[in-house]
>>> print(open('input_16.cif').read())   # mmCIF, C-alpha atoms
data_structure
loop_
_atom_site.label_atom_id
_atom_site.label_comp_id
_atom_site.auth_asym_id
_atom_site.auth_seq_id
_atom_site.Cartn_x
_atom_site.Cartn_y
_atom_site.Cartn_z
CA MET A 86 -136.72 -92.66 22.20
CA SER A 87 -136.57 -89.17 23.66
CA ASP A 88 -139.49 -86.76 23.84
CA ALA A 89 -137.17 -83.91 22.85
CA GLN A 90 -137.14 -83.09 19.16
CA THR A 91 -133.86 -82.16 17.52
CA PRO A 92 -134.42 -79.47 14.89
CA VAL A 93 -133.62 -80.54 11.36
CA ILE A 94 -131.19 -78.39 9.41
CA PHE A 95 -132.65 -78.05 5.93
CA PHE A 96 -130.59 -76.36 3.23
CA ALA A 97 -130.70 -75.88 -0.52
CA GLY A 98 -127.68 -75.90 -2.82
CA ILE A 99 -127.52 -74.84 -6.43
CA ILE A 100 -125.32 -76.16 -9.22
CA LEU A 101 -124.87 -73.38 -11.76
CA GLU A 102 -123.31 -74.99 -14.84
CA ASN A 103 -121.90 -72.88 -17.68
CA ARG A 104 -121.76 -73.84 -21.36
CA ASP A 105 -118.29 -75.36 -20.85
CA GLY A 106 -119.61 -77.79 -18.22
CA HIS A 107 -117.95 -75.96 -15.34
CA VAL A 108 -119.81 -75.28 -12.08
CA LEU A 109 -119.63 -72.15 -9.98
CA MET A 110 -117.84 -72.63 -6.67
CA MET A 111 -117.31 -70.11 -3.91
CA ARG A 112 -114.64 -70.05 -1.21
CA ARG A 113 -116.36 -69.64 2.16
CA ALA A 114 -115.14 -67.02 4.64
CA ASN A 115 -116.32 -65.74 8.03
CA THR A 116 -119.44 -67.94 8.13
CA GLY A 117 -118.57 -70.25 11.00
CA PHE A 118 -119.01 -73.29 8.74
CA ALA A 119 -116.37 -74.73 6.39
CA ASP A 120 -114.52 -71.42 6.16
CA GLY A 121 -111.69 -71.56 3.64
CA GLN A 122 -113.33 -74.42 1.73
CA TRP A 123 -114.93 -74.35 -1.69
CA SER A 124 -118.69 -74.81 -1.80
CA LEU A 125 -121.69 -74.39 -4.03
CA PRO A 126 -123.96 -71.39 -3.57
CA GLY A 127 -126.72 -72.22 -1.13
CA GLY A 128 -127.99 -71.92 2.39
CA ARG A 129 -130.74 -72.71 4.84
CA VAL A 130 -134.35 -72.86 3.79
CA ASP A 131 -136.29 -70.12 5.60
CA PRO A 132 -139.66 -70.75 7.31
CA GLY A 133 -142.50 -70.57 4.78
CA GLU A 134 -140.09 -71.13 1.88
CA LEU A 135 -139.78 -74.07 -0.51
CA ALA A 136 -136.31 -75.51 -1.06
CA VAL A 137 -136.40 -74.45 -4.71
CA GLN A 138 -137.21 -70.87 -3.66
CA ALA A 139 -134.32 -70.92 -1.20
CA ALA A 140 -131.92 -72.09 -3.93
CA ALA A 141 -132.98 -69.24 -6.24
CA ARG A 142 -132.80 -66.71 -3.39
CA GLU A 143 -129.36 -67.87 -2.29
CA ALA A 144 -128.02 -67.71 -5.87
CA ASN A 145 -129.17 -64.10 -6.05
CA GLU A 146 -127.88 -63.15 -2.59
CA GLU A 147 -124.49 -64.86 -2.89
CA VAL A 148 -123.48 -64.59 -6.55
CA ALA A 149 -125.99 -62.08 -8.01
CA ALA A 150 -127.43 -64.71 -10.35
CA ASP A 151 -131.08 -63.96 -11.09
CA VAL A 152 -132.11 -67.60 -11.27
CA GLN A 153 -135.78 -68.36 -11.86
CA VAL A 154 -137.45 -71.11 -9.83
CA ASN A 155 -138.93 -72.67 -12.98
CA ASP A 156 -135.42 -73.14 -14.41
CA LEU A 157 -134.27 -75.30 -11.49
CA ARG A 158 -134.38 -79.08 -11.46
CA THR A 159 -133.80 -81.33 -8.46
CA VAL A 160 -130.65 -83.37 -9.02
CA HIS A 161 -129.76 -84.68 -5.58
CA VAL A 162 -131.02 -84.94 -2.01
CA ILE A 163 -128.53 -85.80 0.71
CA ASN A 164 -128.99 -86.71 4.36
CA LYS A 165 -126.39 -86.72 7.11
CA VAL A 166 -125.99 -86.29 10.85
CA GLY A 167 -124.22 -83.15 12.03
CA GLU A 168 -121.47 -82.84 14.64
CA LYS A 169 -124.03 -82.38 17.44
CA GLY A 170 -126.27 -85.22 16.27
CA GLU A 171 -128.69 -82.96 14.40
CA PRO A 172 -130.27 -84.35 11.23
CA ILE A 173 -129.27 -82.46 8.10
CA VAL A 174 -131.06 -82.58 4.75
CA GLY A 175 -129.62 -80.90 1.65
CA TRP A 176 -131.66 -80.48 -1.51
CA TYR A 177 -129.58 -79.71 -4.60
CA PHE A 178 -130.84 -78.08 -7.78
CA HIS A 179 -129.22 -77.60 -11.18
CA THR A 180 -129.54 -75.11 -13.98
CA ARG A 181 -127.48 -74.10 -16.99
CA TRP A 182 -126.27 -70.54 -16.45
CA GLU A 183 -125.04 -68.12 -19.09
CA GLY A 184 -125.62 -64.87 -17.21
CA PRO A 185 -123.15 -62.83 -15.22
CA VAL A 186 -122.11 -63.68 -11.68
CA ARG A 187 -120.23 -61.71 -9.05
CA ASN A 188 -119.29 -62.14 -5.43
CA ALA A 189 -122.26 -60.39 -3.82
CA GLU A 190 -121.27 -61.37 -0.26
CA THR A 191 -117.61 -60.42 -0.02
CA HIS A 192 -117.85 -60.59 3.78
CA ARG A 193 -118.80 -64.31 3.54
CA CYS A 194 -116.98 -65.40 0.39
CA SER A 195 -113.38 -64.65 -0.55
CA GLU A 196 -113.53 -65.70 -4.22
CA LEU A 197 -115.53 -67.38 -6.99
CA SER A 198 -114.30 -69.95 -9.48
CA TRP A 199 -115.77 -71.85 -12.43
CA THR A 200 -114.50 -75.40 -11.85
CA HIS A 201 -114.86 -78.64 -13.73
CA PRO A 202 -116.93 -80.91 -11.44
CA ARG A 203 -114.64 -83.90 -12.09
CA THR A 204 -111.56 -82.01 -10.85
CA LEU A 205 -112.76 -80.41 -7.63
CA ALA A 206 -110.22 -78.86 -5.29
CA GLN A 207 -109.10 -80.99 -2.35
CA ASP A 208 -110.59 -78.42 0.01
CA THR A 209 -114.14 -78.72 -1.32
CA GLU A 210 -116.78 -78.93 1.43
CA GLU A 211 -117.67 -82.64 1.89
CA THR A 212 -121.44 -82.41 1.44
CA ASP A 213 -121.16 -80.38 -1.76
CA ARG A 214 -118.45 -82.72 -3.03
CA ALA A 215 -120.71 -85.72 -2.40
CA ALA A 216 -123.65 -84.01 -4.12
CA LEU A 217 -121.59 -83.05 -7.18
CA THR A 218 -120.15 -86.56 -7.45
CA ALA A 219 -123.62 -88.08 -7.18
CA TRP A 220 -125.01 -85.59 -9.74
CA LEU A 221 -122.32 -86.64 -12.23
CA ARG A 222 -123.29 -90.29 -11.67
CA GLY A 223 -127.02 -89.56 -11.94
CA GLU A 224 -127.66 -90.60 -8.34
CA THR A 225 -130.52 -88.60 -6.87
CA THR A 226 -130.23 -89.61 -3.21
CA GLY A 227 -127.38 -90.21 -0.83
CA TRP A 228 -126.16 -89.97 2.73
CA LEU A 229 -122.94 -89.32 4.60
#
>>> encode(input="input_16.cif", output="C-alpha cells")
Amino acid sequence: MSDAQTPVIFFAGIILENRDGHVLMMRRANTGFADGQWSLPGGRVDPGELAVQAAAREANEEVAADVQVNDLRTVHVINKVGEKGEPIVGWYFHTRWEGPVRNAETHRCSELSWTHPRTLAQDTEETDRAALTAWLRGETTGWL
C-alpha cells in the first residue's frame, strides 16, 4: 500500500423526471469529459457541500431548474475507477419536475432533450446510463 493518497472524485447527478416519465438529458460540449455524449445534469461536489446540495445547485446552474433539496431522493450510488486509477463516486438523486428548463450553460451543453429512460441514445455517457438503468430496476448501488 502506498502512502500517497489519490483524491476521490465525488459527483452528484440528478434525474429530473417529467409527468410523462421522461428524464432530462443534456448533450455535453467543451467540458473535457464525454463531450458529444448525452448525460444527466450534475457535477462535482464542492468542498463544504453535501451531495444533495450539489445536485440542486447543478440543476439550477445547468438547466435553470430551481430544485429544492427537500424534494430530492437518493436513488443510486455508483463507484468506479477512472482512467488514471482515481476512485470515483457518483450519488444520484431523483425528483419529479414540472417546471420550466432551459440550457443555462450553452458553452458546456449543445442541447437538452426529454428522453424515455428505457430508450436512451447509444451515445449516453456510461456512468449515467448505468445509474438510469439501475434506477429503473430499483437497484440503489452499483459499480463499473
>>> closest_residue(input="input_16.cif", among="A:Gln153, A:Ile100, A:Phe95, A:Gly106", to="Glu134 (chain A)", atoms="only C-alpha atoms")
A:Phe95
>>> resolve_selection(input="input_16.cif", expression="the PyMOL selection byres ((chain A and resi 159) around 10)", output="list in words")
Gly98, Ile99, Ile100, Ala136, Val137, Leu157, Arg158, Val160, His161, Val162, Trp176, Tyr177, Phe178, His179, Thr180, Trp220 and Thr225 of chain A
>>> resolve_selection(input="input_16.cif", expression="the PyMOL selection byres ((chain A and resi 198-202) around 9)", output="VMD selection string")
chain A and resid 102 to 103 105 to 112 123 196 to 197 203 to 206 214 217 to 218 221
>>> closest_residue(input="input_16.cif", among="A:Glu211, A:Thr226, A:Asn155, A:Asn164", to="Ala119 (chain A)", atoms="all atoms listed in the file")
A:Glu211
>>> closest_residue(input="input_16.cif", among="A:Arg104, A:Pro126, A:Phe118, A:Trp182", to="Glu168 (chain A)", atoms="all atoms listed in the file")
A:Phe118
>>> resolve_selection(input="input_16.cif", expression="the PyMOL selection byres ((chain A and resi 116) around 12)", output="list of chain:residue names")
A:Arg112, A:Arg113, A:Ala114, A:Asn115, A:Gly117, A:Phe118, A:Ala119, A:Asp120, A:Gly121, A:Gln122, A:Gly128, A:Glu190, A:Thr191, A:His192, A:Arg193, A:Cys194, A:Ser195
